[in-house]
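Structure file protein_13.cif (mmCIF, C-alpha atoms and all ligand atoms) follows.
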```
data_final
#
loop_
_atom_site.label_atom_id
_atom_site.label_comp_id
_atom_site.auth_asym_id
_atom_site.auth_seq_id
_atom_site.Cartn_x
_atom_site.Cartn_y
_atom_site.Cartn_z
CA MET T 1 12.99 -16.70 9.98
CA ALA T 2 12.03 -17.89 13.44
CA LEU T 3 9.09 -16.48 15.30
CA PRO T 4 10.11 -14.11 18.06
CA VAL T 5 8.83 -14.80 21.55
CA ASN T 6 5.19 -13.99 22.12
CA THR T 7 4.67 -10.32 22.74
CA ASP T 8 0.90 -10.02 22.84
CA PRO T 9 -1.35 -12.96 23.60
CA MET T 10 -3.96 -12.69 20.86
CA GLN T 11 -4.34 -16.45 20.69
CA GLY T 12 -7.91 -17.51 21.06
CA ALA T 13 -9.39 -14.39 19.49
CA THR T 14 -11.01 -13.97 16.10
CA LEU T 15 -8.68 -11.66 14.22
CA THR T 16 -9.49 -9.28 11.39
CA VAL T 17 -6.33 -8.21 9.59
CA LEU T 18 -5.73 -5.66 6.87
CA GLY T 19 -2.90 -6.67 4.53
CA ILE T 20 -0.92 -4.42 2.18
CA GLU T 21 1.38 -5.53 -0.64
CA SER T 22 3.63 -3.23 -2.67
CA SER T 23 6.95 -5.02 -3.16
CA CYS T 24 6.97 -5.13 -6.95
CA ASP T 25 4.44 -3.92 -9.52
CA GLU T 26 1.12 -4.80 -7.90
CA THR T 27 -0.51 -2.44 -5.43
CA ALA T 28 -2.76 -4.61 -3.32
CA ALA T 29 -4.83 -4.55 -0.14
CA SER T 30 -6.97 -7.21 1.51
CA VAL T 31 -9.02 -7.85 4.62
CA LEU T 32 -9.01 -11.35 6.05
CA ARG T 33 -10.63 -12.85 9.13
CA ARG T 34 -9.07 -15.69 11.07
CA ALA T 35 -11.15 -17.66 13.58
CA PRO T 36 -9.49 -19.08 16.71
CA ASP T 37 -9.54 -22.55 15.12
CA GLY T 38 -7.56 -21.23 12.15
CA MET T 39 -10.54 -21.03 9.77
CA LEU T 40 -9.98 -18.23 7.27
CA THR T 41 -12.52 -15.96 5.62
CA LEU T 42 -11.23 -13.71 2.89
CA LEU T 43 -13.38 -10.58 3.05
CA SER T 44 -11.72 -8.66 0.22
CA SER T 45 -8.67 -8.81 -2.03
CA ILE T 46 -8.00 -5.88 -4.33
CA VAL T 47 -5.06 -5.94 -6.73
CA ALA T 48 -4.15 -3.02 -8.99
CA SER T 49 -1.57 -4.01 -11.57
CA GLN T 50 0.97 -1.51 -12.88
CA ASP T 51 1.46 -3.31 -16.19
CA GLU T 52 0.37 -0.25 -18.16
CA GLU T 53 2.94 1.96 -16.45
CA HIS T 54 5.83 -0.45 -17.10
CA ARG T 55 4.85 -1.79 -20.53
CA PRO T 56 6.65 0.95 -22.54
CA PHE T 57 9.91 -0.07 -20.84
CA GLY T 58 9.52 -3.84 -21.25
CA GLY T 59 10.15 -4.43 -17.54
CA VAL T 60 9.42 -3.09 -14.07
CA VAL T 61 11.06 0.31 -13.49
CA PRO T 62 11.60 0.65 -9.73
CA GLU T 63 11.12 4.44 -9.56
CA ILE T 64 7.91 4.27 -11.61
CA ALA T 65 6.69 1.41 -9.40
CA ALA T 66 7.32 3.38 -6.19
CA ARG T 67 5.50 6.43 -7.52
CA ALA T 68 2.56 4.36 -8.75
CA HIS T 69 2.27 2.64 -5.35
CA MET T 70 2.22 6.03 -3.63
CA LEU T 71 -0.54 7.23 -5.92
CA LYS T 72 -2.66 4.08 -5.64
CA LEU T 73 -2.23 2.86 -2.08
CA GLU T 74 -4.77 5.10 -0.38
CA SER T 75 -7.63 4.27 -2.74
CA ILE T 76 -6.80 0.55 -2.91
CA ILE T 77 -6.74 0.26 0.89
CA ALA T 78 -10.02 2.21 1.16
CA LYS T 79 -11.58 -0.07 -1.46
CA ALA T 80 -10.41 -3.25 0.30
CA VAL T 81 -11.91 -2.07 3.58
CA LYS T 82 -15.16 -0.97 1.92
CA VAL T 83 -15.60 -4.23 -0.01
CA SER T 84 -14.87 -6.26 3.14
CA GLY T 85 -17.78 -4.61 4.95
CA VAL T 86 -15.76 -4.14 8.14
CA GLN T 87 -15.27 -0.87 9.95
CA TYR T 88 -11.73 0.41 10.50
CA SER T 89 -12.40 0.05 14.23
CA GLU T 90 -12.91 -3.72 13.76
CA ILE T 91 -9.39 -4.22 12.35
CA ASP T 92 -7.16 -6.02 14.87
CA GLY T 93 -3.86 -5.60 13.07
CA VAL T 94 -2.26 -4.08 9.99
CA ALA T 95 0.12 -6.31 8.04
CA ALA T 96 2.35 -5.08 5.23
CA THR T 97 5.13 -6.52 3.13
CA ALA T 98 8.36 -5.23 4.68
CA GLY T 99 10.60 -7.00 2.13
CA PRO T 100 12.18 -8.46 0.12
CA GLY T 101 11.37 -6.33 -2.88
CA LEU T 102 11.92 -3.04 -4.66
CA ILE T 103 12.72 -0.76 -1.78
CA GLY T 104 10.74 2.31 -2.90
CA GLY T 105 7.54 0.31 -3.19
CA VAL T 106 8.14 -1.58 0.05
CA ILE T 107 8.66 1.71 1.90
CA ALA T 108 5.44 3.16 0.42
CA GLY T 109 3.31 0.21 1.57
CA LEU T 110 5.00 -0.22 4.92
CA MET T 111 4.67 3.49 5.74
CA SER T 112 0.96 3.38 4.89
CA ALA T 113 0.59 0.40 7.22
CA LYS T 114 2.48 2.15 9.99
CA GLY T 115 0.30 5.24 9.67
CA LEU T 116 -2.86 3.15 9.83
CA ALA T 117 -1.62 0.99 12.71
CA MET T 118 -0.69 4.09 14.65
CA SER T 119 -3.95 5.92 14.02
CA LEU T 120 -6.05 2.83 14.82
CA GLY T 121 -3.93 1.97 17.86
CA LYS T 122 -3.52 -1.56 16.51
CA PRO T 123 -0.41 -3.73 16.05
CA LEU T 124 1.74 -3.66 12.94
CA ILE T 125 2.93 -6.92 11.44
CA ALA T 126 5.96 -6.54 9.13
CA VAL T 127 5.53 -9.51 6.80
CA ASN T 128 8.19 -11.24 4.73
CA HIS T 129 6.72 -11.34 1.21
CA LEU T 130 8.11 -14.86 0.75
CA GLU T 131 6.26 -16.04 3.83
CA GLY T 132 3.08 -14.73 2.20
CA HIS T 133 3.78 -16.89 -0.86
CA ALA T 134 4.77 -19.83 1.37
CA LEU T 135 1.43 -19.75 3.20
CA SER T 136 -0.70 -18.86 0.15
CA PRO T 137 -2.08 -22.40 -0.38
CA LEU T 138 -4.03 -21.96 2.87
CA LEU T 139 -6.12 -19.30 1.15
CA SER T 140 -7.81 -21.88 -1.04
CA GLU T 141 -7.68 -25.19 0.83
CA PRO T 142 -6.52 -26.79 4.06
CA CYS T 143 -2.84 -27.53 3.64
CA PRO T 144 -1.32 -28.90 6.82
CA PHE T 145 2.42 -28.65 7.42
CA PRO T 146 4.83 -30.01 6.28
CA TYR T 147 4.94 -29.36 2.56
CA LEU T 148 7.50 -28.76 -0.14
CA LEU T 149 7.10 -25.39 -1.82
CA LEU T 150 8.32 -24.31 -5.24
CA LEU T 151 8.13 -20.53 -5.46
CA ILE T 152 8.62 -19.28 -9.01
CA SER T 153 7.97 -15.61 -9.66
CA GLY T 154 9.59 -12.64 -11.36
CA GLY T 155 11.88 -12.04 -8.42
CA HIS T 156 12.29 -15.44 -6.79
CA SER T 157 12.94 -19.07 -7.64
CA GLN T 158 13.37 -21.36 -4.71
CA LEU T 159 12.42 -24.70 -3.26
CA LEU T 160 11.54 -24.54 0.41
CA SER T 161 10.69 -27.11 3.01
CA VAL T 162 7.83 -25.59 5.02
CA THR T 163 7.38 -27.36 8.33
CA GLY T 164 5.48 -24.73 10.33
CA LEU T 165 4.83 -21.03 10.68
CA GLY T 166 8.27 -19.42 10.63
CA GLU T 167 9.91 -22.77 9.91
CA TYR T 168 11.41 -22.74 6.44
CA GLU T 169 14.46 -24.44 5.02
CA ARG T 170 15.69 -23.57 1.60
CA LEU T 171 16.51 -26.75 -0.31
CA GLY T 172 17.48 -24.97 -3.50
CA SER T 173 17.34 -21.59 -5.19
CA THR T 174 18.41 -19.78 -8.32
CA ILE T 175 22.06 -18.86 -8.47
CA ASP T 176 21.34 -16.02 -10.89
CA ASP T 177 18.03 -14.98 -12.47
CA ALA T 178 14.55 -15.91 -11.29
CA ALA T 179 12.42 -18.07 -13.60
CA GLY T 180 9.98 -15.21 -14.31
CA GLU T 181 12.89 -12.90 -15.05
CA ALA T 182 14.11 -15.39 -17.69
CA PHE T 183 10.63 -15.46 -19.26
CA ASP T 184 10.36 -11.65 -19.19
CA LYS T 185 13.84 -11.02 -20.60
CA SER T 186 13.49 -13.66 -23.32
CA ALA T 187 10.20 -12.08 -24.36
CA LYS T 188 11.80 -8.64 -24.37
CA VAL T 189 14.63 -9.79 -26.67
CA MET T 190 12.03 -10.98 -29.19
CA GLY T 191 9.82 -7.90 -28.72
CA LEU T 192 6.86 -9.95 -27.48
CA GLY T 193 5.53 -7.46 -24.95
CA PHE T 194 5.28 -7.21 -21.19
CA PRO T 195 4.83 -9.10 -18.93
CA GLY T 196 6.73 -11.68 -20.95
CA GLY T 197 5.68 -14.95 -19.30
CA PRO T 198 2.12 -15.09 -20.63
CA GLN T 199 3.33 -13.91 -24.08
CA VAL T 200 5.96 -16.66 -24.29
CA GLU T 201 3.30 -19.20 -23.38
CA ILE T 202 0.98 -17.96 -26.14
CA TRP T 203 3.75 -17.98 -28.77
CA ALA T 204 5.01 -21.38 -27.62
CA LYS T 205 1.67 -22.96 -28.58
CA ARG T 206 2.49 -22.42 -32.26
CA GLY T 207 6.09 -23.63 -32.05
CA ASP T 208 8.03 -26.90 -31.94
CA PRO T 209 9.66 -27.47 -28.52
CA ASP T 210 12.36 -29.66 -30.07
CA SER T 211 13.35 -27.25 -32.83
CA ILE T 212 16.03 -25.16 -31.09
CA PRO T 213 18.74 -26.80 -28.95
CA LEU T 214 18.91 -24.86 -25.68
CA PRO T 215 20.89 -25.66 -22.51
CA ARG T 216 19.38 -27.20 -19.35
CA PRO T 217 21.54 -25.43 -16.75
CA LEU T 218 22.46 -27.39 -13.60
CA ILE T 219 20.29 -30.33 -14.60
CA ASP T 220 21.38 -33.59 -12.94
CA ARG T 221 23.48 -31.72 -10.34
CA ASP T 222 23.27 -33.33 -6.95
CA ASN T 223 21.44 -30.41 -5.34
CA ALA T 224 18.23 -28.49 -6.01
CA ASP T 225 19.64 -25.18 -7.26
CA PHE T 226 18.58 -23.53 -10.52
CA SER T 227 20.24 -21.26 -13.05
CA PHE T 228 18.44 -19.37 -15.79
CA ALA T 229 20.95 -16.73 -16.93
CA GLY T 230 22.65 -19.02 -19.49
CA LEU T 231 19.31 -20.10 -20.88
CA LYS T 232 18.24 -16.49 -21.32
CA THR T 233 21.50 -15.71 -23.14
CA ALA T 234 21.04 -18.78 -25.37
CA VAL T 235 17.57 -17.51 -26.31
CA ALA T 236 19.04 -14.13 -27.26
CA ARG T 237 21.67 -15.84 -29.43
CA ALA T 238 19.14 -18.14 -31.08
CA TYR T 239 16.91 -15.18 -31.91
CA GLU T 240 19.85 -13.18 -33.26
CA ALA T 241 20.81 -16.11 -35.52
CA SER T 242 17.23 -16.67 -36.72
CA ASP T 243 15.31 -14.99 -39.54
CA LYS T 244 13.21 -13.30 -36.83
CA SER T 245 10.03 -14.59 -38.44
CA ASP T 246 6.92 -15.43 -36.44
CA LEU T 247 7.74 -19.11 -36.85
CA ALA T 248 11.25 -18.55 -35.46
CA LYS T 249 9.80 -16.74 -32.45
CA ALA T 250 7.26 -19.47 -31.84
CA ASN T 251 9.94 -22.17 -32.07
CA ILE T 252 12.25 -20.32 -29.69
CA CYS T 253 9.41 -19.78 -27.21
CA ALA T 254 8.37 -23.44 -27.33
CA SER T 255 11.98 -24.62 -26.95
CA PHE T 256 12.63 -22.19 -24.11
CA GLN T 257 9.46 -23.17 -22.26
CA ARG T 258 10.36 -26.86 -22.62
CA ALA T 259 13.87 -26.17 -21.27
CA VAL T 260 12.42 -24.35 -18.23
CA ALA T 261 10.01 -27.23 -17.60
CA ASP T 262 12.89 -29.73 -17.87
CA VAL T 263 15.00 -27.76 -15.41
CA LEU T 264 12.22 -27.10 -12.89
CA GLY T 265 10.98 -30.69 -13.13
CA ASP T 266 14.47 -32.07 -12.52
CA ARG T 267 15.24 -29.68 -9.64
CA THR T 268 11.87 -30.41 -8.03
CA ARG T 269 12.54 -34.15 -8.25
CA ARG T 270 15.83 -33.62 -6.40
CA ALA T 271 14.18 -31.45 -3.78
CA MET T 272 11.56 -34.14 -3.18
CA VAL T 273 14.32 -36.59 -2.25
CA MET T 274 15.85 -34.01 0.12
CA PHE T 275 12.45 -33.21 1.59
CA ARG T 276 11.66 -36.87 2.26
CA LYS T 277 14.97 -37.26 4.10
CA ARG T 278 13.77 -34.54 6.47
CA VAL T 279 10.10 -35.37 6.99
CA GLY T 280 9.96 -39.09 6.30
CA ASP T 281 8.40 -41.47 3.79
CA GLY T 282 4.78 -41.75 2.72
CA PRO T 283 2.62 -39.41 0.69
CA GLN T 284 3.58 -35.73 0.90
CA ARG T 285 2.30 -32.39 -0.35
CA PHE T 286 3.92 -30.20 -3.00
CA VAL T 287 2.83 -26.58 -3.42
CA VAL T 288 3.69 -24.45 -6.42
CA ALA T 289 3.28 -20.68 -6.05
CA GLY T 290 4.36 -17.47 -7.80
CA GLY T 291 3.34 -15.96 -11.13
CA VAL T 292 5.23 -18.51 -13.27
CA ALA T 293 3.05 -21.25 -11.75
CA ALA T 294 0.37 -19.98 -14.17
CA ASN T 295 2.25 -21.68 -17.02
CA THR T 296 0.28 -24.65 -18.33
CA GLU T 297 3.22 -26.71 -19.62
CA LEU T 298 5.01 -26.24 -16.34
CA ARG T 299 1.98 -27.28 -14.34
CA ALA T 300 1.63 -30.41 -16.46
CA ARG T 301 5.29 -31.25 -15.87
CA LEU T 302 5.03 -30.70 -12.12
CA THR T 303 1.86 -32.80 -12.02
CA ALA T 304 3.79 -35.68 -13.62
CA VAL T 305 6.71 -35.26 -11.21
CA CYS T 306 4.27 -35.33 -8.28
CA GLU T 307 2.56 -38.49 -9.57
CA ASP T 308 5.93 -40.24 -9.99
CA ASN T 309 7.02 -39.34 -6.47
CA ASP T 310 3.81 -39.74 -4.47
CA PHE T 311 3.34 -36.05 -3.80
CA LYS T 312 -0.06 -34.36 -3.92
CA LEU T 313 0.14 -31.23 -6.07
CA ILE T 314 -1.43 -28.15 -4.56
CA ALA T 315 -1.56 -25.23 -6.95
CA PRO T 316 -3.33 -22.20 -5.48
CA PRO T 317 -5.73 -20.45 -7.90
CA LEU T 318 -3.97 -17.96 -10.13
CA LYS T 319 -5.32 -14.99 -8.18
CA PHE T 320 -3.28 -16.22 -5.18
CA CYS T 321 -0.24 -17.31 -7.23
CA GLY T 322 0.83 -13.86 -8.33
CA ASP T 323 1.45 -11.03 -5.91
CA ASN T 324 -1.60 -10.20 -3.79
CA ALA T 325 -2.36 -8.81 -0.36
CA ALA T 326 -4.55 -11.71 0.82
CA MET T 327 -1.39 -13.75 1.42
CA ILE T 328 0.12 -10.84 3.34
CA ALA T 329 -3.01 -10.47 5.49
CA LEU T 330 -2.89 -14.24 6.05
CA ALA T 331 0.76 -14.23 7.14
CA GLY T 332 -0.02 -11.25 9.37
CA ALA T 333 -3.03 -12.99 10.93
CA GLU T 334 -1.06 -16.18 11.58
CA ARG T 335 1.73 -14.23 13.24
CA LEU T 336 -0.67 -12.14 15.27
CA ALA T 337 -2.48 -15.29 16.39
CA ALA T 338 0.90 -16.65 17.50
CA GLY T 339 1.35 -13.51 19.58
CA HIS T 340 3.78 -11.70 17.36
CA SER T 341 3.71 -8.10 16.17
CA ASP T 342 6.40 -5.62 15.17
CA PRO T 343 7.47 -2.20 16.39
CA LEU T 344 6.60 0.87 14.35
CA TYR T 345 10.29 1.27 13.54
CA ALA T 346 10.36 -2.09 11.71
CA PRO T 347 12.60 -1.51 8.68
CA ALA T 348 11.82 -1.97 4.99
CA ARG T 349 14.23 -4.60 3.72
CA PRO T 350 15.19 -4.95 0.03
CA ARG T 351 16.70 -8.36 0.82
CA TRP T 352 15.30 -10.65 3.46
CA PRO T 353 15.93 -14.39 3.33
CA LEU T 354 13.10 -16.49 4.66
CA ASP T 355 15.13 -19.40 5.94
CA LYS T 356 17.13 -19.13 9.13
CA GLU T 357 20.26 -20.82 7.79
CA SER T 358 20.99 -18.49 4.94
CA ALA T 359 19.90 -15.55 7.07
CA GLN T 360 22.55 -16.49 9.62
CA ALA T 361 25.23 -17.35 7.08
CA ASN T 362 24.75 -14.04 5.35
CA PRO T 363 22.16 -11.54 6.53
CA ALA T 364 21.78 -10.29 2.96
CA SER T 365 21.87 -13.72 1.47
CA GLY T 366 20.34 -15.46 -1.50
CA HIS T 367 21.44 -14.87 -5.05
CA GLY T 368 20.83 -12.54 -7.90
CA LYS T 369 22.61 -10.60 -10.56
CA LYS T 370 23.24 -7.65 -8.32
CA GLY T 371 24.17 -9.92 -5.46
CA PRO T 372 22.03 -11.89 -3.09
CA LYS T 373 18.30 -11.55 -3.46
CA SER T 374 16.21 -13.29 -0.90
O1 LIG P 1 4.47 -13.67 -8.56
P1 LIG P 1 4.38 -12.61 -9.61
O2 LIG P 1 3.03 -12.09 -9.99
O3 LIG P 1 5.20 -11.36 -9.21
C1 LIG P 1 6.50 -11.39 -8.72
O4 LIG P 1 7.42 -11.43 -9.54
O5 LIG P 1 6.67 -11.42 -7.46
O6 LIG P 1 5.12 -13.21 -10.88
C2 LIG P 1 5.27 -12.46 -12.07
C3 LIG P 1 6.08 -13.29 -13.03
C4 LIG P 1 6.48 -12.52 -14.27
O7 LIG P 1 7.86 -12.74 -14.51
C5 LIG P 1 5.61 -13.11 -15.36
O8 LIG P 1 6.18 -13.03 -16.64
C6 LIG P 1 5.49 -14.54 -14.87
O9 LIG P 1 5.32 -14.42 -13.48
N1 LIG P 1 4.34 -15.23 -15.48
C7 LIG P 1 4.45 -16.31 -16.29
C8 LIG P 1 3.14 -16.62 -16.71
N2 LIG P 1 2.27 -15.73 -16.14
C9 LIG P 1 3.04 -14.89 -15.39
N3 LIG P 1 5.53 -17.00 -16.68
C10 LIG P 1 5.32 -18.05 -17.51
N4 LIG P 1 4.10 -18.41 -17.97
C11 LIG P 1 2.98 -17.73 -17.61
N5 LIG P 1 1.79 -18.08 -18.06
ZN ZN P 2 5.88 -12.37 -5.15
#
```
Structure encoded using structure tokens:
Amino acid sequence: MALPVNTDPMQGATLTVLGIESSCDETAASVLRRAPDGMLTLLSSIVASQDEEHRPFGGVVPEIAARAHMLKLESIIAKAVKVSGVQYSEIDGVAATAGPGLIGGVIAGLMSAKGLAMSLGKPLIAVNHLEGHALSPLLSEPCPFPYLLLLISGGHSQLLSVTGLGEYERLGSTIDDAAGEAFDKSAKVMGLGFPGGPQVEIWAKRGDPDSIPLPRPLIDRDNADFSFAGLKTAVARAYEASDKSDLAKANICASFQRAVADVLGDRTRRAMVMFRKRVGDGPQRFVVAGGVAANTELRARLTAVCEDNDFKLIAPPLKFCGDNAAMIALAGAERLAAGHSDPLYAPARPRWPLDKESAQANPASGHGKKGPKS
């Protein structure tokens, strides 16, 4: 996703940007200020989760998500602006997730942003949600380019080389389900509640990670791709064959979590070799982002992989790991500072690869059960 040519020279100005996020099941708005030297001040970050709405269904229901975003957006945006202490007239640009994501929700957020941008007479920045995640470490600490990014959320699992704003190369990605999806679906099979990831982690604490033999898909392959669909199916089979007791659930959760850590650790190790070939030897940075990065066992594994390979682990605080609008405001501010904004007819895009190569190879590229994802 290369930066278009400069359209509006806002370099050199302090920028106050309103960000809006609505691509999945969090309705979020944030106000962020960026100084000309790149210093960031987060003035507000409001996130309204839709967990309650989706819980009865054991997963995110796109139509319910879109409706909930429509109902919540106005008040969440108003709250973000109020908490920030800025006046609407002080906002220099309105950034919103324009994809990839559940299209109804993306449209709701993007339309709100367009309406605001138009009424304020300020530029719109149509942000790629993945770019928000890719830049999210900057919200908590200085993180100069280049770095290797592992993005693991409910919708995405990929390893990206991040060498600059708009400069991303995908080194590996899931060929089927996302890591979070595997956690959520495994939890659903065992009736553990929604969202599944945190539940699996809680249950895993009481189980034996070596008790149930589960596959490690694609491990040791000479690339950095992942696969989680087979693992998810193996969990369903193991549960079906078990006595469905609490101990069985705990053992399956612990074994599943260990398998995910093994796979992600191995794939990350491979990606580190690929990354070094591109950026050179010496110490490097490794960023882990996305909701699954909250998992303690996984973090411990990634910490060990980083130590072995001379990478510094940067794990943004949990509030910036999951979906939030601060990262969207940040991506918007960085783009605006680079002189880029988007027309009011910018489309909402259910699929939108971040890296140029897969975007060129297949404009709807990436992978997923229903076809390419991101
Ligand atoms: O990034 P995120 O908030 O939203 C998107 O999917 O974009 O990630 C949510 C995902 C869910 O699949 C959730 O189950 C998973 O992150 N998750 C976890 C944990 N906390 C959240 N997975 C494993 N362990 C956790 N502690
Ligand atoms: Zn996300």
Exercise. Between T:Leu302, T:Ala204, T:Leu32, T:Ala241, which has the minimum distance to Val288 (chain T) (counting all atoms listed in the file)?
Worked result: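 Counting all atoms listed in the file, the residue closest to Val288 (chain T) is T:Leu302.
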Problem set entry | Protein and nucleic acid residues near (2.5, -19.4, -16.7) (cut-off 8 Å, all atoms listed in the file) as a PyMOL selection string | chain T and resi 197-198+201+291-298
Exercise. Between T:Ala325, T:Asn251, T:Ser75, T:Thr14, which one has atoms that come closest to Arg34 (chain T), using all atoms listed in the file?
Worked result: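 Under the stated criterion, the closest residue is T:Thr14.
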At most 10 Å is the cut-off: for each residue in chain T with any atom that close to an atom of ligand LIG 1 (chain P), write down the nearest atom pair and the distance in Å rounded to one decimal, counting all atoms listed in the file, chain first then increasing number, as CSV.
```
residue,atom,partner,partner_atom,distance
T:Ser22,CA,P:LIG1,O5,10.0
T:Ser23,CA,P:LIG1,O5,7.7
T:Cys24,CA,P:LIG1,O5,6.3
T:Asp25,CA,P:LIG1,O3,7.5
T:Glu26,CA,P:LIG1,O2,7.8
T:Ser49,CA,P:LIG1,O2,9.4
T:Gly59,CA,P:LIG1,O7,9.1
T:Val60,CA,P:LIG1,O4,9.7
T:Pro100,CA,P:LIG1,O5,9.8
T:Gly101,CA,P:LIG1,O5,8.3
T:His129,CA,P:LIG1,O5,8.7
T:Leu130,CA,P:LIG1,O5,9.0
T:His133,CA,P:LIG1,O1,8.4
T:Leu151,CA,P:LIG1,O1,8.4
T:Ile152,CA,P:LIG1,O1,7.0
T:Ser153,CA,P:LIG1,O6,3.9
T:Gly154,CA,P:LIG1,O4,3.1
T:Gly155,CA,P:LIG1,O4,4.6
T:His156,CA,P:LIG1,O4,6.9
T:Ser157,CA,P:LIG1,O4,9.6
T:Ala178,CA,P:LIG1,O7,8.1
T:Ala179,CA,P:LIG1,O7,7.1
T:Gly180,CA,P:LIG1,O7,3.3
T:Glu181,CA,P:LIG1,O7,5.1
T:Ala182,CA,P:LIG1,O7,7.5
T:Phe183,CA,P:LIG1,O8,5.7
T:Asp184,CA,P:LIG1,O8,5.1
T:Lys185,CA,P:LIG1,O7,8.7
T:Ser186,CA,P:LIG1,O8,9.9
T:Ala187,CA,P:LIG1,O8,8.8
T:Phe194,CA,P:LIG1,O8,7.4
T:Pro195,CA,P:LIG1,O8,4.7
T:Gly196,CA,P:LIG1,O8,4.5
T:Gly197,CA,P:LIG1,O8,3.3
T:Pro198,CA,P:LIG1,N5,4.0
T:Gln199,CA,P:LIG1,N5,7.5
T:Val200,CA,P:LIG1,N4,6.8
T:Glu201,CA,P:LIG1,N4,5.5
T:Ile202,CA,P:LIG1,N5,8.1
T:Gln257,CA,P:LIG1,C10,8.1
T:Val260,CA,P:LIG1,C10,9.5
T:Ala289,CA,P:LIG1,O1,7.5
T:Gly290,CA,P:LIG1,O1,3.9
T:Gly291,CA,P:LIG1,O6,3.3
T:Val292,CA,P:LIG1,N3,3.7
T:Ala293,CA,P:LIG1,C8,6.8
T:Ala294,CA,P:LIG1,N5,4.6
T:Asn295,CA,P:LIG1,N5,3.8
T:Thr296,CA,P:LIG1,N5,6.7
T:Glu297,CA,P:LIG1,N4,8.5
T:Leu298,CA,P:LIG1,N4,8.0
T:Arg299,CA,P:LIG1,N4,9.8
T:Leu318,CA,P:LIG1,N2,8.9
T:Lys319,CA,P:LIG1,O2,9.0
T:Phe320,CA,P:LIG1,O1,8.8
T:Cys321,CA,P:LIG1,O1,6.1
T:Gly322,CA,P:LIG1,O2,3.3
T:Asp323,CA,P:LIG1,O2,4.5
T:Asn324,CA,P:LIG1,O2,8.0
```
Exercise. Can you tell me, as a count of residues only, what residues are no more than 8 Å from Met190 (chain T) when counting all atoms listed in the file, ignoring any on the same chain fewer than 4 positions away?
Worked result: 4
For this session: Please work out which residues fall within 10 Å of (13.8, -33.2, 6.3), coordinates as given in the file, with only C-alpha atoms counting, and return them as JSON, numbers by chain.
Result: {"T": [146, 161, 162, 163, 169, 171, 272, 273, 274, 275, 276, 277, 278, 279, 280]}
Edge lengths and centre in Å to one decimal, as AutoDock Vina command-line options, is what I'm after for the box along x, y and z that holds all listed atoms of region 92-107 of chain T once 6 Å is added on each side.
```
--center_x 2.8 --center_y -3.1 --center_z 5.1 --size_x 31.9 --size_y 22.8 --size_z 31.5
```
For this session: Select, from T:Ala346, T:Ala238, T:Leu165, T:Met327, the residue with the minimum atom-to-atom distance to ligand ZN 2 (chain P), counting all atoms listed in the file.
Result: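 Of T:Ala346, T:Ala238, T:Leu165, T:Met327, the one nearest ligand ZN 2 (chain P) is T:Met327, counting all atoms listed in the file.
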For this session: Could you jot down the CA of Ala326 (chain T) to CA of Ile64 (chain T) separation for me, Å, one decimal place?
Result: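 One can read the CA of Ala326 (chain T) to CA of Ile64 (chain T) distance as 23.8 Å.
Of note, CA of Pro137 (chain T) and CA of Asp266 (chain T) are spaced 22.7 Å apart.
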